[in-house]
$ cat protein_23.cif   # mmCIF, C-alpha atoms
data_work
loop_
_atom_site.label_atom_id
_atom_site.label_comp_id
_atom_site.auth_asym_id
_atom_site.auth_seq_id
_atom_site.Cartn_x
_atom_site.Cartn_y
_atom_site.Cartn_z
CA MET A 977 0.00 0.00 0.00
CA ILE A 978 1.30 3.42 -0.91
CA VAL A 979 0.99 5.98 1.85
CA LYS A 980 0.76 9.58 0.78
CA LYS A 981 1.66 12.04 3.48
CA LEU A 982 0.80 15.62 2.77
CA ILE A 983 1.83 18.51 4.94
CA ALA A 984 -0.83 21.07 4.26
CA ALA A 985 0.87 24.40 4.72
CA ALA A 986 0.73 27.64 2.76
CA SER A 987 3.81 29.86 2.72
CA LEU A 988 3.36 32.92 4.92
CA ALA A 989 5.52 34.86 2.49
CA ALA A 990 3.21 33.92 -0.35
CA LEU A 991 0.20 34.93 1.70
CA SER A 992 1.74 38.30 2.47
CA ALA A 993 2.55 38.82 -1.20
CA ALA A 994 -1.09 38.14 -2.02
CA GLY A 995 -2.21 40.63 0.59
CA LEU A 996 -3.58 37.95 2.90
CA SER A 997 -2.75 36.98 6.45
CA ALA A 998 -2.78 33.70 8.32
CA PRO A 999 -5.39 33.30 11.05
CA ALA A 1000 -4.13 34.52 14.39
CA MET A 1001 -3.58 32.00 17.15
CA ALA A 1002 -4.79 29.10 14.96
CA GLY A 1003 -3.96 25.76 16.54
CA GLY A 1004 -2.64 22.63 14.89
CA ALA A 1005 -4.11 19.19 14.24
CA LYS A 1006 -3.13 15.86 12.77
CA VAL A 1007 -5.75 14.69 10.28
CA GLY A 1008 -6.26 11.22 8.87
CA MET A 1009 -8.06 11.19 5.51
CA ILE A 1010 -9.39 7.84 4.31
CA THR A 1011 -11.00 8.26 0.91
CA THR A 1012 -11.44 6.47 -2.43
CA LEU A 1013 -8.55 7.17 -4.80
CA SER A 1014 -8.60 4.10 -7.05
CA GLY A 1015 -11.13 1.99 -8.92
CA GLY A 1016 -14.78 2.91 -9.42
CA GLY A 1017 -15.63 6.11 -7.60
CA ALA A 1018 -12.04 7.36 -7.44
CA ALA A 1019 -13.08 10.70 -8.94
CA LEU A 1020 -15.32 11.32 -5.90
CA GLY A 1021 -12.50 10.78 -3.43
CA ILE A 1022 -10.05 12.82 -5.48
CA ASP A 1023 -12.46 15.75 -5.50
CA VAL A 1024 -13.06 15.52 -1.74
CA ARG A 1025 -9.31 15.40 -1.13
CA ASP A 1026 -8.56 18.30 -3.47
CA GLY A 1027 -11.31 20.50 -2.03
CA PHE A 1028 -10.23 19.76 1.54
CA MET A 1029 -6.56 20.40 0.83
CA MET A 1030 -7.31 23.68 -0.92
CA ALA A 1031 -9.20 24.92 2.14
CA ILE A 1032 -6.31 24.00 4.43
CA GLU A 1033 -3.74 25.60 2.16
CA GLN A 1034 -5.75 28.81 1.81
CA SER A 1035 -6.09 29.07 5.58
CA GLY A 1036 -2.35 29.55 5.99
CA ASN A 1037 -2.34 27.27 9.04
CA LYS A 1038 1.07 25.59 8.86
CA ASP A 1039 0.33 23.29 11.79
CA ILE A 1040 -2.31 21.11 10.12
CA GLU A 1041 -0.84 17.81 8.94
CA VAL A 1042 -2.90 15.59 6.65
CA ILE A 1043 -2.20 11.89 6.09
CA VAL A 1044 -4.07 10.61 3.01
CA GLU A 1045 -4.84 6.93 2.36
CA ASP A 1046 -6.85 5.05 -0.27
CA SER A 1047 -9.76 2.97 1.04
CA GLN A 1048 -9.96 1.14 -2.30
CA ARG A 1049 -13.73 1.22 -1.62
CA LYS A 1050 -13.27 -1.74 0.74
CA PRO A 1051 -14.62 -1.56 4.32
CA ASP A 1052 -12.00 -3.97 5.68
CA VAL A 1053 -9.17 -1.90 4.20
CA ALA A 1054 -10.68 1.29 5.62
CA VAL A 1055 -10.99 -0.26 9.09
CA GLN A 1056 -7.31 -1.27 9.03
CA LEU A 1057 -6.31 2.22 7.92
CA ALA A 1058 -8.39 3.84 10.65
CA ASP A 1059 -6.82 1.60 13.29
CA LYS A 1060 -3.35 2.54 12.05
CA MET A 1061 -4.17 6.24 12.02
CA VAL A 1062 -5.59 6.19 15.54
CA GLN A 1063 -3.11 3.81 17.16
CA SER A 1064 0.16 4.52 15.30
CA ASP A 1065 -0.17 7.90 13.62
CA LYS A 1066 -2.02 9.41 16.61
CA VAL A 1067 -4.34 11.53 14.51
CA ASP A 1068 -6.73 13.95 16.21
CA VAL A 1069 -9.50 13.88 13.63
CA LEU A 1070 -10.48 11.70 10.68
CA THR A 1071 -12.32 12.56 7.46
CA GLY A 1072 -12.67 11.63 3.80
CA ILE A 1073 -15.00 8.61 3.57
CA ILE A 1074 -17.19 8.53 0.47
CA TRP A 1075 -19.33 5.41 0.90
CA SER A 1076 -21.93 4.83 3.63
CA ASN A 1077 -21.04 1.16 4.18
CA ILE A 1078 -17.44 2.21 4.87
CA ALA A 1079 -18.59 5.01 7.18
CA MET A 1080 -20.68 2.52 9.17
CA ALA A 1081 -17.64 0.25 9.50
CA VAL A 1082 -15.21 2.99 10.57
CA VAL A 1083 -16.91 5.91 12.31
CA PRO A 1084 -18.38 4.22 15.43
CA ALA A 1085 -15.01 2.72 16.39
CA VAL A 1086 -13.19 6.00 15.78
CA THR A 1087 -15.54 8.16 17.83
CA ALA A 1088 -15.65 5.54 20.62
CA GLN A 1089 -11.90 6.11 21.02
CA GLY A 1090 -12.43 9.83 21.57
CA LYS A 1091 -11.45 10.95 18.08
CA PHE A 1092 -13.42 13.43 16.00
CA TYR A 1093 -14.83 12.51 12.61
CA ILE A 1094 -15.85 15.17 10.05
CA SER A 1095 -17.78 13.66 7.16
CA PRO A 1096 -17.31 15.33 3.77
CA ASN A 1097 -19.76 12.96 2.09
CA ALA A 1098 -21.38 9.79 3.48
CA GLY A 1099 -24.42 10.49 5.69
CA PRO A 1100 -26.04 7.17 6.64
CA SER A 1101 -29.14 7.17 8.81
CA GLY A 1102 -27.35 4.81 11.20
CA LEU A 1103 -25.06 7.67 12.25
CA ALA A 1104 -27.82 10.29 12.39
CA GLY A 1105 -30.33 8.60 14.70
CA LYS A 1106 -29.65 6.13 17.48
CA GLY A 1107 -26.05 5.74 16.35
CA CYS A 1108 -25.21 9.44 16.54
CA HIS A 1109 -22.18 10.57 18.54
CA LYS A 1110 -21.08 13.90 19.97
CA ASN A 1111 -17.76 13.67 18.08
CA TYR A 1112 -19.34 12.95 14.70
CA PHE A 1113 -20.02 15.95 12.45
CA ASN A 1114 -21.44 15.69 8.95
CA VAL A 1115 -20.73 18.64 6.66
CA SER A 1116 -22.36 17.23 3.53
CA TRP A 1117 -25.94 15.98 4.07
CA GLN A 1118 -27.92 13.17 5.63
CA ASN A 1119 -28.56 10.52 2.96
CA ASP A 1120 -32.32 11.14 2.89
CA ASP A 1121 -32.10 14.91 2.32
CA PHE A 1122 -31.93 15.28 -1.46
CA ASN A 1123 -34.48 12.53 -1.97
CA GLU A 1124 -37.10 13.95 0.39
CA ALA A 1125 -36.85 17.20 -1.57
CA ALA A 1126 -37.15 15.28 -4.86
CA GLY A 1127 -40.28 13.50 -3.61
CA ASN A 1128 -41.92 16.84 -2.90
CA TYR A 1129 -40.92 18.10 -6.35
CA ALA A 1130 -42.42 15.00 -8.02
CA ASN A 1131 -45.65 15.67 -6.17
CA ASP A 1132 -45.71 19.27 -7.37
CA GLU A 1133 -45.10 18.09 -10.95
CA GLY A 1134 -48.02 15.64 -10.76
CA ILE A 1135 -45.92 12.51 -11.32
CA GLY A 1136 -48.31 9.57 -10.81
CA LYS A 1137 -46.05 6.49 -10.85
CA VAL A 1138 -42.32 6.11 -10.25
CA PHE A 1139 -39.79 3.32 -10.88
CA LEU A 1140 -37.16 3.34 -8.09
CA LEU A 1141 -33.59 2.10 -8.62
CA ALA A 1142 -30.57 2.11 -6.28
CA PRO A 1143 -27.62 -0.08 -5.17
CA ASN A 1144 -28.21 -2.50 -2.32
CA TYR A 1145 -26.18 -0.84 0.46
CA PRO A 1146 -26.97 1.63 3.29
CA ALA A 1147 -26.93 4.79 1.18
CA GLY A 1148 -29.06 3.21 -1.54
CA LYS A 1149 -31.72 2.19 0.96
CA ASP A 1150 -31.62 5.60 2.70
CA MET A 1151 -32.01 7.44 -0.61
CA ILE A 1152 -35.05 5.44 -1.66
CA ALA A 1153 -36.55 5.67 1.84
CA GLY A 1154 -36.17 9.45 1.73
CA PHE A 1155 -37.97 9.71 -1.61
CA LYS A 1156 -40.79 7.41 -0.50
CA ARG A 1157 -41.21 9.40 2.72
CA THR A 1158 -42.45 12.48 0.86
CA TYR A 1159 -43.69 11.14 -2.49
CA LYS A 1160 -47.47 10.69 -2.55
CA GLY A 1161 -47.89 8.84 -5.85
CA GLU A 1162 -47.57 5.14 -6.67
CA ILE A 1163 -44.37 3.09 -6.71
CA SER A 1164 -44.37 1.05 -9.91
CA GLU A 1165 -41.31 -1.03 -8.91
CA GLU A 1166 -38.48 -0.77 -6.39
CA VAL A 1167 -35.24 -2.42 -7.56
CA TYR A 1168 -31.91 -2.75 -5.74
CA THR A 1169 -28.78 -3.63 -7.69
CA LYS A 1170 -25.33 -4.87 -6.74
CA LEU A 1171 -22.99 -2.13 -5.49
CA GLY A 1172 -20.53 -1.39 -8.27
CA GLN A 1173 -22.71 -2.95 -10.99
CA THR A 1174 -21.96 -1.77 -14.54
CA ASP A 1175 -24.45 -3.72 -16.71
CA TYR A 1176 -28.05 -2.51 -16.41
CA ALA A 1177 -29.67 -4.36 -19.31
CA ALA A 1178 -32.00 -6.32 -17.02
CA GLU A 1179 -33.08 -3.25 -15.06
CA ILE A 1180 -33.68 -1.23 -18.25
CA ALA A 1181 -35.86 -4.07 -19.55
CA GLN A 1182 -37.88 -3.85 -16.32
CA ILE A 1183 -38.23 -0.10 -16.76
CA ARG A 1184 -39.38 -0.55 -20.37
CA ALA A 1185 -42.08 -3.00 -19.28
CA SER A 1186 -43.25 -0.91 -16.33
CA ASP A 1187 -46.12 1.57 -16.24
CA ALA A 1188 -43.97 4.20 -14.51
CA ASP A 1189 -44.14 7.86 -15.55
CA LEU A 1190 -40.65 8.59 -14.17
CA VAL A 1191 -37.47 6.70 -13.25
CA TYR A 1192 -35.98 7.92 -9.98
CA PHE A 1193 -32.51 6.52 -9.36
CA PHE A 1194 -29.47 6.85 -7.14
CA LEU A 1195 -26.36 5.42 -8.80
CA PRO A 1196 -23.23 7.33 -7.80
CA GLY A 1197 -19.88 7.43 -9.60
CA GLY A 1198 -19.24 4.94 -12.37
CA MET A 1199 -22.58 3.23 -11.75
CA GLY A 1200 -24.47 6.34 -12.82
CA ILE A 1201 -22.27 6.77 -15.90
CA SER A 1202 -22.88 3.18 -17.00
CA PHE A 1203 -26.63 3.35 -16.42
CA MET A 1204 -27.19 6.67 -18.19
CA LYS A 1205 -25.16 5.67 -21.24
CA GLN A 1206 -27.04 2.38 -21.55
CA TYR A 1207 -30.38 4.02 -20.85
CA ALA A 1208 -29.83 6.73 -23.46
CA GLY A 1209 -29.13 4.08 -26.09
CA SER A 1210 -32.04 1.84 -25.12
CA GLY A 1211 -34.83 3.80 -26.74
CA VAL A 1212 -36.81 3.94 -23.46
CA ASP A 1213 -38.34 7.39 -23.30
CA LYS A 1214 -39.39 7.59 -19.64
CA PRO A 1215 -37.82 10.70 -18.03
CA VAL A 1216 -35.28 10.23 -15.24
CA MET A 1217 -34.60 12.20 -12.07
CA GLY A 1218 -32.42 11.66 -9.02
CA PRO A 1219 -30.18 13.19 -6.40
CA ALA A 1220 -27.12 15.08 -7.63
CA PHE A 1221 -24.75 12.15 -7.04
CA SER A 1222 -25.71 10.66 -10.41
CA PHE A 1223 -25.48 13.98 -12.26
CA ASP A 1224 -22.48 15.71 -10.77
CA GLN A 1225 -19.84 17.51 -12.82
CA GLY A 1226 -17.39 14.63 -13.15
CA ILE A 1227 -20.17 12.24 -14.12
CA LEU A 1228 -21.70 14.65 -16.64
CA GLY A 1229 -18.36 14.90 -18.40
CA ALA A 1230 -18.52 11.16 -19.04
CA ILE A 1231 -22.24 10.98 -19.87
CA GLY A 1232 -22.36 13.99 -22.17
CA ASP A 1233 -25.47 15.11 -24.02
CA ALA A 1234 -27.45 12.05 -22.91
CA ALA A 1235 -28.05 13.81 -19.57
CA LEU A 1236 -29.40 17.08 -20.99
CA GLY A 1237 -32.68 18.11 -19.42
CA VAL A 1238 -32.40 15.79 -16.43
CA LYS A 1239 -33.45 17.35 -13.12
CA ASN A 1240 -31.58 16.58 -9.92
CA THR A 1241 -31.56 17.80 -6.33
CA SER A 1242 -28.49 19.24 -4.61
CA HIS A 1243 -27.44 21.51 -1.75
CA TRP A 1244 -24.78 23.09 -4.00
CA SER A 1245 -24.24 24.22 -7.56
CA LYS A 1246 -21.41 26.11 -9.19
CA ASP A 1247 -23.82 28.92 -10.09
CA LEU A 1248 -24.98 29.68 -6.55
CA ASP A 1249 -24.75 33.43 -6.18
CA ASN A 1250 -22.66 34.03 -3.07
CA ALA A 1251 -19.16 35.43 -2.67
CA ALA A 1252 -17.68 32.32 -1.05
CA ASN A 1253 -18.92 30.08 -3.86
CA LYS A 1254 -17.76 32.38 -6.64
CA ALA A 1255 -14.26 32.48 -5.13
CA PHE A 1256 -14.23 28.71 -4.58
CA VAL A 1257 -15.23 27.87 -8.15
CA LYS A 1258 -12.60 30.22 -9.61
CA ASP A 1259 -9.84 29.09 -7.24
CA PHE A 1260 -10.57 25.41 -7.80
CA GLN A 1261 -10.49 25.82 -11.58
CA ASP A 1262 -7.27 27.82 -11.40
CA LYS A 1263 -5.59 25.27 -9.14
CA TYR A 1264 -6.79 21.98 -10.62
CA GLY A 1265 -7.80 22.85 -14.17
CA ARG A 1266 -11.35 21.49 -13.91
CA LEU A 1267 -14.77 22.56 -12.69
CA PRO A 1268 -15.47 21.59 -9.07
CA SER A 1269 -18.06 18.96 -8.22
CA LEU A 1270 -20.32 18.85 -5.19
CA TYR A 1271 -17.76 16.44 -3.69
CA ALA A 1272 -15.06 19.10 -4.05
CA ALA A 1273 -17.41 21.65 -2.50
CA GLN A 1274 -18.09 19.33 0.45
CA GLY A 1275 -14.37 18.66 0.93
CA PHE A 1276 -13.74 22.40 0.90
CA ASP A 1277 -16.48 23.05 3.48
CA ALA A 1278 -15.08 20.24 5.67
CA GLY A 1279 -11.67 21.90 5.59
CA LEU A 1280 -13.18 25.29 6.40
CA LEU A 1281 -15.06 23.82 9.36
CA LEU A 1282 -11.88 22.28 10.76
CA VAL A 1283 -9.91 25.50 10.36
CA SER A 1284 -12.69 27.58 11.93
CA ALA A 1285 -12.75 25.36 15.02
CA LEU A 1286 -8.94 25.36 15.36
CA GLU A 1287 -9.01 29.15 15.38
CA LYS A 1288 -11.22 29.04 18.50
CA ALA A 1289 -10.07 26.02 20.49
CA ASP A 1290 -7.21 23.61 21.09
CA ILE A 1291 -8.10 20.23 19.60
CA LYS A 1292 -6.68 18.56 22.71
CA ASP A 1293 -9.48 20.21 24.71
CA ALA A 1294 -12.25 17.97 23.35
CA ASP A 1295 -15.16 19.86 24.92
CA ALA A 1296 -13.98 23.26 23.71
CA PHE A 1297 -13.14 21.96 20.25
CA ARG A 1298 -16.51 20.23 19.95
CA ALA A 1299 -18.27 23.47 20.90
CA ALA A 1300 -16.25 25.32 18.25
CA LEU A 1301 -17.27 22.78 15.61
CA GLU A 1302 -20.92 23.14 16.60
CA GLU A 1303 -20.75 26.87 15.96
CA ALA A 1304 -19.92 26.19 12.27
CA ASP A 1305 -18.38 29.66 12.03
CA PHE A 1306 -17.31 29.60 8.39
CA ASP A 1307 -18.61 30.87 5.04
CA SER A 1308 -20.01 27.77 3.36
CA VAL A 1309 -19.91 27.65 -0.43
CA ARG A 1310 -23.58 26.60 -0.34
CA GLY A 1311 -24.62 29.78 1.48
CA LYS A 1312 -26.61 29.27 4.68
CA PHE A 1313 -25.25 26.51 6.91
CA LYS A 1314 -25.75 25.43 10.49
CA PHE A 1315 -25.80 22.15 12.37
CA SER A 1316 -28.95 20.44 13.60
CA PRO A 1317 -28.88 18.81 17.08
CA ASN A 1318 -27.48 15.55 15.63
CA HIS A 1319 -24.62 17.40 13.90
CA HIS A 1320 -25.98 17.25 10.33
CA PRO A 1321 -26.59 20.30 8.13
CA VAL A 1322 -29.63 22.52 8.05
CA HIS A 1323 -29.54 23.90 4.50
CA ASP A 1324 -31.52 24.66 1.36
CA ILE A 1325 -31.92 21.88 -1.22
CA TYR A 1326 -32.07 23.12 -4.82
CA MET A 1327 -33.50 21.63 -7.99
CA ARG A 1328 -30.95 21.68 -10.80
CA GLU A 1329 -31.29 20.98 -14.51
CA VAL A 1330 -28.57 19.57 -16.76
CA VAL A 1331 -27.79 22.09 -19.50
CA LYS A 1332 -25.05 22.84 -22.00
CA GLU A 1333 -22.89 25.93 -21.61
CA GLY A 1334 -20.83 26.16 -24.77
CA ASP A 1335 -19.31 22.71 -25.11
CA VAL A 1336 -19.64 21.89 -21.39
CA VAL A 1337 -22.50 19.78 -20.02
CA THR A 1338 -23.22 21.07 -16.53
CA ASN A 1339 -25.96 21.97 -14.03
CA ARG A 1340 -27.84 25.16 -13.31
CA VAL A 1341 -30.19 25.91 -10.43
CA ILE A 1342 -33.84 26.28 -11.44
CA GLY A 1343 -35.38 26.64 -7.98
CA VAL A 1344 -35.46 25.68 -4.31
CA ALA A 1345 -36.86 22.20 -3.72
CA SER A 1346 -36.73 22.37 0.10
CA LYS A 1347 -35.88 25.38 2.27
CA ASP A 1348 -33.95 25.08 5.56
CA HIS A 1349 -34.08 21.32 5.22
CA THR A 1350 -33.13 19.17 8.20
CA ASN A 1351 -33.15 15.42 8.71
CA ILE A 1352 -35.83 13.44 10.53
CA TYR A 1353 -33.43 11.51 12.76
CA ASN A 1354 -32.79 14.29 15.30
CA ALA A 1355 -35.52 12.91 17.56
CA GLU A 1356 -33.73 9.53 17.76
CA CYS A 1357 -30.34 11.04 18.58
CA LYS A 1358 -29.47 11.11 22.28
CA MET A 1359 -26.00 12.56 22.79
#

$ encode --input "protein_23.cif" --output "structure tokens"
Amino acid sequence: MIVKKLIAAASLAALSAAGLSAPAMAGGAKVGMITTLSGGGAALGIDVRDGFMMAIEQSGNKDIEVIVEDSQRKPDVAVQLADKMVQSDKVDVLTGIIWSNIAMAVVPAVTAQGKFYISPNAGPSGLAGKGCHKNYFNVSWQNDDFNEAAGNYANDEGIGKVFLLAPNYPAGKDMIAGFKRTYKGEISEEVYTKLGQTDYAAEIAQIRASDADLVYFFLPGGMGISFMKQYAGSGVDKPVMGPAFSFDQGILGAIGDAALGVKNTSHWSKDLDNAANKAFVKDFQDKYGRLPSLYAAQGFDAGLLLVSALEKADIKDADAFRAALEEADFDSVRGKFKFSPNHHPVHDIYMREVVKEGDVVTNRVIGVASKDHTNIYNAECKM
């Protein structure tokens, strides 16, 4: 296994030359990032890593050390890495996990040992309700969020019957549960596929034969690319909709024109009109040579949250640091942001549409699908 150790530090001289200054009295931290950097879904982990590292570098805090490891999208590998980071590397906080099944395997053991975990992506219900923990903070979303908003939108659009499709793992089940919680029409069929599946001929045949008015699916990363390409070539004309994970910037680049017109829910879009987001999109493009995805935006927000807490409290003082995290005193790229009682975001969920800007297939916001959205699991969380 190749271990990549990154010391995230911006040069104070460079900051001064740019007319910026490092945060005063900012404390240090040792961060363990376990994310997906190889195989299917690698683009998601790369974007989370790059967004997170850009936030740390821009902060000018030279005392934040980040150790980055590849989970290979395998829970057993991630568990071994987490053990190493906690026991040998002595990290203070962990982050980076993309997949909910990996989060469920890693996070409870990490927080039980007194470490903090900041999630830049996975938001399983198992960590939001009865399995919540005072040291677990989710900066992205709770898995149900986008889908509850999409269910409401389908109601408003008068969609009578829906075909549901998702991978058979915690996030897939949460996503579908969230949609069903708010959708008032009929479920034509509810199909769960193998995680990592790339051939969807059988599922597309089921869709063709169904009486559904709409296909609602959650297939992140390479799964979404494979499905949309096959679906576009199948001749089935039922419209599709889903959460942003199947229509994010990296995925749209691979799908191309086949995704045009598709509507998807998200807490973030590159065209959100706030100063923090405009600066983030420009800086990310300048640094990495590509448009940011929602995963990059979430990684960036996770880095900003960490930096904001370190500016207020010593990470060795767990109670003070936890209180600083709860304040969420940073300018999120999504605009409004605060934590609910179970440490998940309260935020607006937008409806986006896939469009073409020049030669680039991308998303634009067409409205708010759910305002000040929070998750339903707060009542089950007893910290």

$ closest_residue --input "protein_23.cif" --among "A:Met1029, A:Ile1342, A:Val1024, A:Met1359" --to "A:Gly1107" --atoms "all atoms listed in the file"
A:Met1359

$ axis_aligned_box --input "protein_23.cif" --around "stretch 1281-1286 of chain A" --padding-each-side "5 Å" --output "JSON"
{"center_x": -12.0, "center_y": 24.9, "center_z": 12.4, "size_x": 16.1, "size_y": 15.3, "size_z": 16.0}

$ resolve_selection --input "protein_23.cif" --expression "the PyMOL selection byres ((chain A and resi 1131) around 12)" --output "list in words"
Glu1124, Ala1125, Ala1126, Gly1127, Asn1128, Tyr1129, Ala1130, Asp1132, Glu1133, Gly1134, Ile1135, Gly1136, Lys1137, Val1138, Phe1155, Lys1156, Arg1157, Thr1158, Tyr1159, Lys1160, Gly1161, Glu1162, Leu1190 and Ala1345 of chain A

$ resolve_selection --input "protein_23.cif" --expression "the PyMOL selection byres ((chain A and resi 1280-1295) around 9)" --output "number ranges by chain"
A: 999-1005, 1028, 1031-1032, 1035, 1037, 1040, 1068-1069, 1090-1092, 1094, 1111, 1115, 1275-1279, 1296-1308

$ closest_residue --input "protein_23.cif" --among "A:Ile1073, A:Ala1054, A:Met1151, A:Val1337" --to "A:Leu1020" --atoms "only C-alpha atoms"
A:Ile1073

$ resolve_selection --input "protein_23.cif" --expression "the PyMOL selection byres ((chain A and resi 1200) around 9)" --output "compact mmCIF listing (two decimals) with C-alpha atoms, in the coordinates of the input"
# COMPACT_ATOMS: atom_id res chain seq x y z
CA THR A 1174 -21.96 -1.77 -14.54
CA PHE A 1193 -32.51 6.52 -9.36
CA PHE A 1194 -29.47 6.85 -7.14
CA LEU A 1195 -26.36 5.42 -8.80
CA PRO A 1196 -23.23 7.33 -7.80
CA GLY A 1197 -19.88 7.43 -9.60
CA GLY A 1198 -19.24 4.94 -12.37
CA MET A 1199 -22.58 3.23 -11.75
CA ILE A 1201 -22.27 6.77 -15.90
CA SER A 1202 -22.88 3.18 -17.00
CA PHE A 1203 -26.63 3.35 -16.42
CA MET A 1204 -27.19 6.67 -18.19
CA LYS A 1205 -25.16 5.67 -21.24
CA PHE A 1221 -24.75 12.15 -7.04
CA SER A 1222 -25.71 10.66 -10.41
CA PHE A 1223 -25.48 13.98 -12.26
CA ILE A 1227 -20.17 12.24 -14.12
CA ILE A 1231 -22.24 10.98 -19.87

$ atom_distance --input "protein_23.cif" --atom1 "atom CA of A:Ala1019" --atom2 "atom CA of A:Gly1172"
14.2 Å

$ closest_residue --input "protein_23.cif" --among "A:Ser1164, A:Gln1034, A:Gln1118, A:Thr1012" --to "A:Val1053" --atoms "only C-alpha atoms"
A:Thr1012

$ atom_distance --input "protein_23.cif" --atom1 "atom CA of A:Tyr1326" --atom2 "atom CA of A:Val1238"
13.7 Å
